[in-house]
>>> print(open('query33.cif').read())   # mmCIF, N, CA and C atoms
data_final
#
loop_
_atom_site.group_PDB
_atom_site.id
_atom_site.type_symbol
_atom_site.label_atom_id
_atom_site.label_comp_id
_atom_site.auth_asym_id
_atom_site.auth_seq_id
_atom_site.Cartn_x
_atom_site.Cartn_y
_atom_site.Cartn_z
ATOM 1 N N MET U 1 136.920 74.902 143.323
ATOM 2 C CA MET U 1 137.054 76.342 143.331
ATOM 3 C C MET U 1 137.138 76.897 141.917
ATOM 4 N N ASP U 2 137.984 76.282 141.141
ATOM 5 C CA ASP U 2 138.253 76.782 139.798
ATOM 6 C C ASP U 2 137.191 76.347 138.800
ATOM 7 N N SER U 3 136.419 75.307 139.128
ATOM 8 C CA SER U 3 135.457 74.773 138.174
ATOM 9 C C SER U 3 134.240 75.671 137.987
ATOM 10 N N LYS U 4 133.844 76.425 139.006
ATOM 11 C CA LYS U 4 132.669 77.302 138.886
ATOM 12 C C LYS U 4 132.833 78.342 137.786
ATOM 13 N N PRO U 5 133.933 79.103 137.752
ATOM 14 C CA PRO U 5 134.091 80.082 136.671
ATOM 15 C C PRO U 5 134.162 79.426 135.295
ATOM 16 N N LYS U 6 134.797 78.256 135.218
ATOM 17 C CA LYS U 6 134.878 77.560 133.929
ATOM 18 C C LYS U 6 133.499 77.093 133.486
ATOM 19 N N GLN U 7 132.705 76.566 134.423
ATOM 20 C CA GLN U 7 131.358 76.126 134.095
ATOM 21 C C GLN U 7 130.491 77.305 133.684
ATOM 22 N N SER U 8 130.640 78.412 134.381
ATOM 23 C CA SER U 8 129.869 79.603 134.055
ATOM 24 C C SER U 8 130.227 80.120 132.659
ATOM 25 N N LYS U 9 131.514 80.126 132.354
ATOM 26 C CA LYS U 9 131.974 80.584 131.038
ATOM 27 C C LYS U 9 131.461 79.651 129.944
ATOM 28 N N ARG U 10 131.520 78.351 130.202
ATOM 29 C CA ARG U 10 131.036 77.367 129.232
ATOM 30 C C ARG U 10 129.541 77.540 129.006
ATOM 31 N N ARG U 11 128.797 77.745 130.101
ATOM 32 C CA ARG U 11 127.352 77.949 129.993
ATOM 33 C C ARG U 11 127.039 79.175 129.154
ATOM 34 N N GLU U 12 127.755 80.265 129.402
ATOM 35 C CA GLU U 12 127.544 81.488 128.631
ATOM 36 C C GLU U 12 127.840 81.262 127.150
ATOM 37 N N ASN U 13 128.892 80.516 126.855
ATOM 38 C CA ASN U 13 129.241 80.229 125.456
ATOM 39 C C ASN U 13 128.170 79.388 124.775
ATOM 40 N N VAL U 14 127.676 78.380 125.472
ATOM 41 C CA VAL U 14 126.641 77.522 124.902
ATOM 42 C C VAL U 14 125.360 78.316 124.657
ATOM 43 N N LEU U 15 124.966 79.113 125.647
ATOM 44 C CA LEU U 15 123.732 79.893 125.499
ATOM 45 C C LEU U 15 123.845 80.930 124.395
ATOM 46 N N SER U 16 124.995 81.591 124.285
ATOM 47 C CA SER U 16 125.140 82.584 123.222
ATOM 48 C C SER U 16 125.180 81.914 121.852
ATOM 49 N N SER U 17 125.786 80.736 121.768
ATOM 50 C CA SER U 17 125.796 80.004 120.496
ATOM 51 C C SER U 17 124.387 79.601 120.090
ATOM 52 N N LEU U 18 123.612 79.109 121.052
ATOM 53 C CA LEU U 18 122.229 78.749 120.749
ATOM 54 C C LEU U 18 121.429 79.971 120.324
ATOM 55 N N ASP U 19 121.644 81.109 120.971
ATOM 56 C CA ASP U 19 120.951 82.342 120.594
ATOM 57 C C ASP U 19 121.247 82.724 119.149
ATOM 58 N N VAL U 20 122.514 82.641 118.770
ATOM 59 C CA VAL U 20 122.912 83.004 117.398
ATOM 60 C C VAL U 20 122.273 82.062 116.394
ATOM 61 N N ILE U 21 122.290 80.763 116.685
ATOM 62 C CA ILE U 21 121.704 79.788 115.763
ATOM 63 C C ILE U 21 120.196 79.993 115.637
ATOM 64 N N ILE U 22 119.521 80.229 116.752
ATOM 65 C CA ILE U 22 118.073 80.438 116.733
ATOM 66 C C ILE U 22 117.720 81.683 115.922
ATOM 67 N N GLU U 23 118.447 82.763 116.136
ATOM 68 C CA GLU U 23 118.191 83.990 115.369
ATOM 69 C C GLU U 23 118.477 83.788 113.887
ATOM 70 N N SER U 24 119.515 83.031 113.561
ATOM 71 C CA SER U 24 119.836 82.744 112.156
ATOM 72 C C SER U 24 118.724 81.950 111.500
ATOM 73 N N LEU U 25 118.185 80.982 112.231
ATOM 74 C CA LEU U 25 117.076 80.199 111.686
ATOM 75 C C LEU U 25 115.826 81.050 111.479
ATOM 76 N N LYS U 26 115.564 81.955 112.399
ATOM 77 C CA LYS U 26 114.408 82.853 112.238
ATOM 78 C C LYS U 26 114.587 83.745 111.015
ATOM 79 N N MET U 27 115.815 84.229 110.808
ATOM 80 C CA MET U 27 116.086 85.065 109.648
ATOM 81 C C MET U 27 115.953 84.252 108.360
ATOM 82 N N ALA U 28 116.466 83.034 108.375
ATOM 83 C CA ALA U 28 116.358 82.167 107.192
ATOM 84 C C ALA U 28 114.894 81.865 106.889
ATOM 85 N N GLU U 29 114.102 81.667 107.929
ATOM 86 C CA GLU U 29 112.669 81.417 107.734
ATOM 87 C C GLU U 29 111.993 82.609 107.068
ATOM 88 N N SER U 30 112.317 83.806 107.519
ATOM 89 C CA SER U 30 111.666 84.991 106.955
ATOM 90 C C SER U 30 112.143 85.285 105.532
ATOM 91 N N LEU U 31 113.373 84.890 105.203
ATOM 92 C CA LEU U 31 113.902 85.156 103.867
ATOM 93 C C LEU U 31 113.535 84.079 102.852
ATOM 94 N N SER U 32 113.180 82.911 103.340
ATOM 95 C CA SER U 32 112.892 81.795 102.440
ATOM 96 C C SER U 32 111.536 81.971 101.766
ATOM 97 N N SER U 33 111.480 81.592 100.502
ATOM 98 C CA SER U 33 110.210 81.657 99.771
ATOM 99 C C SER U 33 109.629 80.261 99.544
ATOM 100 N N ILE U 34 110.320 79.240 100.022
ATOM 101 C CA ILE U 34 109.864 77.865 99.860
ATOM 102 C C ILE U 34 109.143 77.436 101.139
ATOM 103 N N THR U 35 107.886 77.092 101.009
ATOM 104 C CA THR U 35 107.052 76.780 102.172
ATOM 105 C C THR U 35 107.595 75.630 103.013
ATOM 106 N N PRO U 36 108.003 74.496 102.419
ATOM 107 C CA PRO U 36 108.543 73.427 103.267
ATOM 108 C C PRO U 36 109.805 73.855 104.027
ATOM 109 N N ALA U 37 110.628 74.684 103.419
ATOM 110 C CA ALA U 37 111.836 75.166 104.092
ATOM 111 C C ALA U 37 111.464 76.040 105.284
ATOM 112 N N LYS U 38 110.443 76.875 105.116
ATOM 113 C CA LYS U 38 109.981 77.710 106.236
ATOM 114 C C LYS U 38 109.533 76.841 107.405
ATOM 115 N N ALA U 39 108.828 75.759 107.108
ATOM 116 C CA ALA U 39 108.365 74.853 108.159
ATOM 117 C C ALA U 39 109.550 74.208 108.879
ATOM 118 N N VAL U 40 110.567 73.821 108.132
ATOM 119 C CA VAL U 40 111.751 73.203 108.732
ATOM 120 C C VAL U 40 112.491 74.206 109.602
ATOM 121 N N PHE U 41 112.718 75.408 109.084
ATOM 122 C CA PHE U 41 113.412 76.438 109.867
ATOM 123 C C PHE U 41 112.661 76.744 111.159
ATOM 124 N N SER U 42 111.348 76.844 111.067
ATOM 125 C CA SER U 42 110.526 77.150 112.232
ATOM 126 C C SER U 42 110.591 76.022 113.256
ATOM 127 N N THR U 43 110.469 74.790 112.799
ATOM 128 C CA THR U 43 110.493 73.637 113.692
ATOM 129 C C THR U 43 111.831 73.502 114.403
ATOM 130 N N VAL U 44 112.915 73.635 113.659
ATOM 131 C CA VAL U 44 114.249 73.524 114.254
ATOM 132 C C VAL U 44 114.474 74.662 115.247
ATOM 133 N N SER U 45 113.981 75.847 114.927
ATOM 134 C CA SER U 45 114.104 76.981 115.833
ATOM 135 C C SER U 45 113.378 76.721 117.150
ATOM 136 N N VAL U 46 112.196 76.156 117.075
ATOM 137 C CA VAL U 46 111.423 75.847 118.280
ATOM 138 C C VAL U 46 112.137 74.773 119.108
ATOM 139 N N ILE U 47 112.656 73.751 118.447
ATOM 140 C CA ILE U 47 113.363 72.678 119.158
ATOM 141 C C ILE U 47 114.602 73.229 119.863
ATOM 142 N N LEU U 48 115.373 74.061 119.175
ATOM 143 C CA LEU U 48 116.563 74.642 119.791
ATOM 144 C C LEU U 48 116.209 75.585 120.939
ATOM 145 N N THR U 49 115.098 76.280 120.824
ATOM 146 C CA THR U 49 114.645 77.142 121.917
ATOM 147 C C THR U 49 114.299 76.298 123.141
ATOM 148 N N MET U 50 113.651 75.165 122.921
ATOM 149 C CA MET U 50 113.330 74.272 124.030
ATOM 150 C C MET U 50 114.608 73.721 124.666
ATOM 151 N N ILE U 51 115.579 73.374 123.854
ATOM 152 C CA ILE U 51 116.859 72.894 124.372
ATOM 153 C C ILE U 51 117.538 73.989 125.177
ATOM 154 N N ARG U 52 117.488 75.213 124.672
ATOM 155 C CA ARG U 52 118.116 76.339 125.366
ATOM 156 C C ARG U 52 117.488 76.555 126.738
ATOM 157 N N VAL U 53 116.180 76.543 126.802
ATOM 158 C CA VAL U 53 115.489 76.754 128.066
ATOM 159 C C VAL U 53 115.804 75.617 129.036
ATOM 160 N N SER U 54 115.782 74.394 128.545
ATOM 161 C CA SER U 54 116.096 73.245 129.385
ATOM 162 C C SER U 54 117.525 73.329 129.916
ATOM 163 N N PHE U 55 118.458 73.702 129.040
ATOM 164 C CA PHE U 55 119.859 73.840 129.444
ATOM 165 C C PHE U 55 120.008 74.928 130.493
ATOM 166 N N LEU U 56 119.323 76.033 130.294
ATOM 167 C CA LEU U 56 119.386 77.139 131.244
ATOM 168 C C LEU U 56 118.847 76.726 132.608
ATOM 169 N N LEU U 57 117.733 76.013 132.615
ATOM 170 C CA LEU U 57 117.145 75.572 133.876
ATOM 171 C C LEU U 57 118.034 74.562 134.584
ATOM 172 N N ARG U 58 118.616 73.660 133.850
ATOM 173 C CA ARG U 58 119.490 72.653 134.460
ATOM 174 C C ARG U 58 120.757 73.294 135.011
ATOM 175 N N CYS U 59 121.321 74.230 134.290
ATOM 176 C CA CYS U 59 122.551 74.880 134.739
ATOM 177 C C CYS U 59 122.317 75.753 135.955
ATOM 178 N N ASP U 60 121.171 76.360 136.047
ATOM 179 C CA ASP U 60 120.875 77.233 137.178
ATOM 180 C C ASP U 60 120.225 76.483 138.329
ATOM 181 N N ASP U 61 120.103 75.156 138.178
ATOM 182 C CA ASP U 61 119.520 74.320 139.213
ATOM 183 C C ASP U 61 118.112 74.762 139.569
ATOM 184 N N LEU U 62 117.351 75.133 138.555
ATOM 185 C CA LEU U 62 115.976 75.555 138.781
ATOM 186 C C LEU U 62 114.970 74.551 138.234
ATOM 187 N N LEU U 63 115.476 73.429 137.766
ATOM 188 C CA LEU U 63 114.589 72.451 137.145
ATOM 189 C C LEU U 63 113.598 71.918 138.174
ATOM 190 N N TRP U 64 112.354 72.158 137.939
ATOM 191 C CA TRP U 64 111.287 71.811 138.866
ATOM 192 C C TRP U 64 111.280 70.315 139.168
ATOM 193 N N ALA U 65 111.462 69.490 138.166
ATOM 194 C CA ALA U 65 111.381 68.044 138.354
ATOM 195 C C ALA U 65 112.483 67.519 139.264
ATOM 196 N N ASP U 66 113.614 68.191 139.306
ATOM 197 C CA ASP U 66 114.704 67.744 140.170
ATOM 198 C C ASP U 66 114.425 68.005 141.641
ATOM 199 N N LYS U 67 113.534 68.935 141.949
ATOM 200 C CA LYS U 67 113.297 69.329 143.333
ATOM 201 C C LYS U 67 112.012 68.740 143.911
ATOM 202 N N VAL U 68 111.210 68.124 143.077
ATOM 203 C CA VAL U 68 109.931 67.591 143.527
ATOM 204 C C VAL U 68 110.029 66.073 143.602
ATOM 205 N N HIS U 69 109.610 65.540 144.723
ATOM 206 C CA HIS U 69 109.542 64.093 144.891
ATOM 207 C C HIS U 69 108.072 63.709 144.897
ATOM 208 N N ALA U 70 107.632 63.060 143.871
ATOM 209 C CA ALA U 70 106.210 62.734 143.711
ATOM 210 C C ALA U 70 105.711 61.912 144.886
ATOM 211 N N GLY U 71 104.624 62.353 145.464
ATOM 212 C CA GLY U 71 103.963 61.598 146.519
ATOM 213 C C GLY U 71 104.467 61.855 147.917
ATOM 214 N N LEU U 72 105.557 62.575 148.082
ATOM 215 C CA LEU U 72 106.101 62.782 149.421
ATOM 216 C C LEU U 72 105.528 64.021 150.099
ATOM 217 N N ASP U 73 105.099 64.989 149.354
ATOM 218 C CA ASP U 73 104.483 66.206 149.887
ATOM 219 C C ASP U 73 105.292 66.835 151.020
ATOM 220 N N ASP U 74 106.568 66.995 150.827
ATOM 221 C CA ASP U 74 107.480 67.624 151.793
ATOM 222 C C ASP U 74 107.503 66.934 153.152
ATOM 223 N N GLN U 75 107.271 65.652 153.207
ATOM 224 C CA GLN U 75 107.288 64.925 154.489
ATOM 225 C C GLN U 75 108.617 64.245 154.692
#
>>> encode(input="query33.cif", output="structure tokens")
Amino acid sequence: MDSKPKQSKRRENVLSSLDVIIESLKMAESLSSITPAKAVFSTVSVILTMIRVSFLLRCDDLLWADKVHAGLDDQ
């Protein structure tokens, strides 16, 4: 009973933290004048965005791979 609100609060904290980090990296990329640094900021931002989306899908139980059983075709 009590775990749902705690899990929801934790999920919100994780997602908001990832949002802040991703936005900070985008800002650092735009402010940087060093080309290799821009590439690093961009790459890390993309990786964290992928982690964020994956985390969101897993927490909301929408992950497609968890619901599909290969070869069974709903039988």
>>> atom_distance(input="query33.cif", atom1="CA of Ile21 (chain U)", atom2="CA of Thr49 (chain U)")
9.7 Å
>>> atom_distance(input="query33.cif", atom1="atom C of Arg52 (chain U)", atom2="CA of Ser16 (chain U)")
10.4 Å
>>> atom_distance(input="query33.cif", atom1="atom C of Ile22 (chain U)", atom2="atom C of Gln7 (chain U)")
22.3 Å
>>> residues_around(input="query33.cif", residues="Ser42 (chain U)", least_positions_apart="3", cutoff="8 Å", atoms="all atoms listed in the file", output="ChimeraX atom specification")
/U:25-26,28-30,36-39,45-48
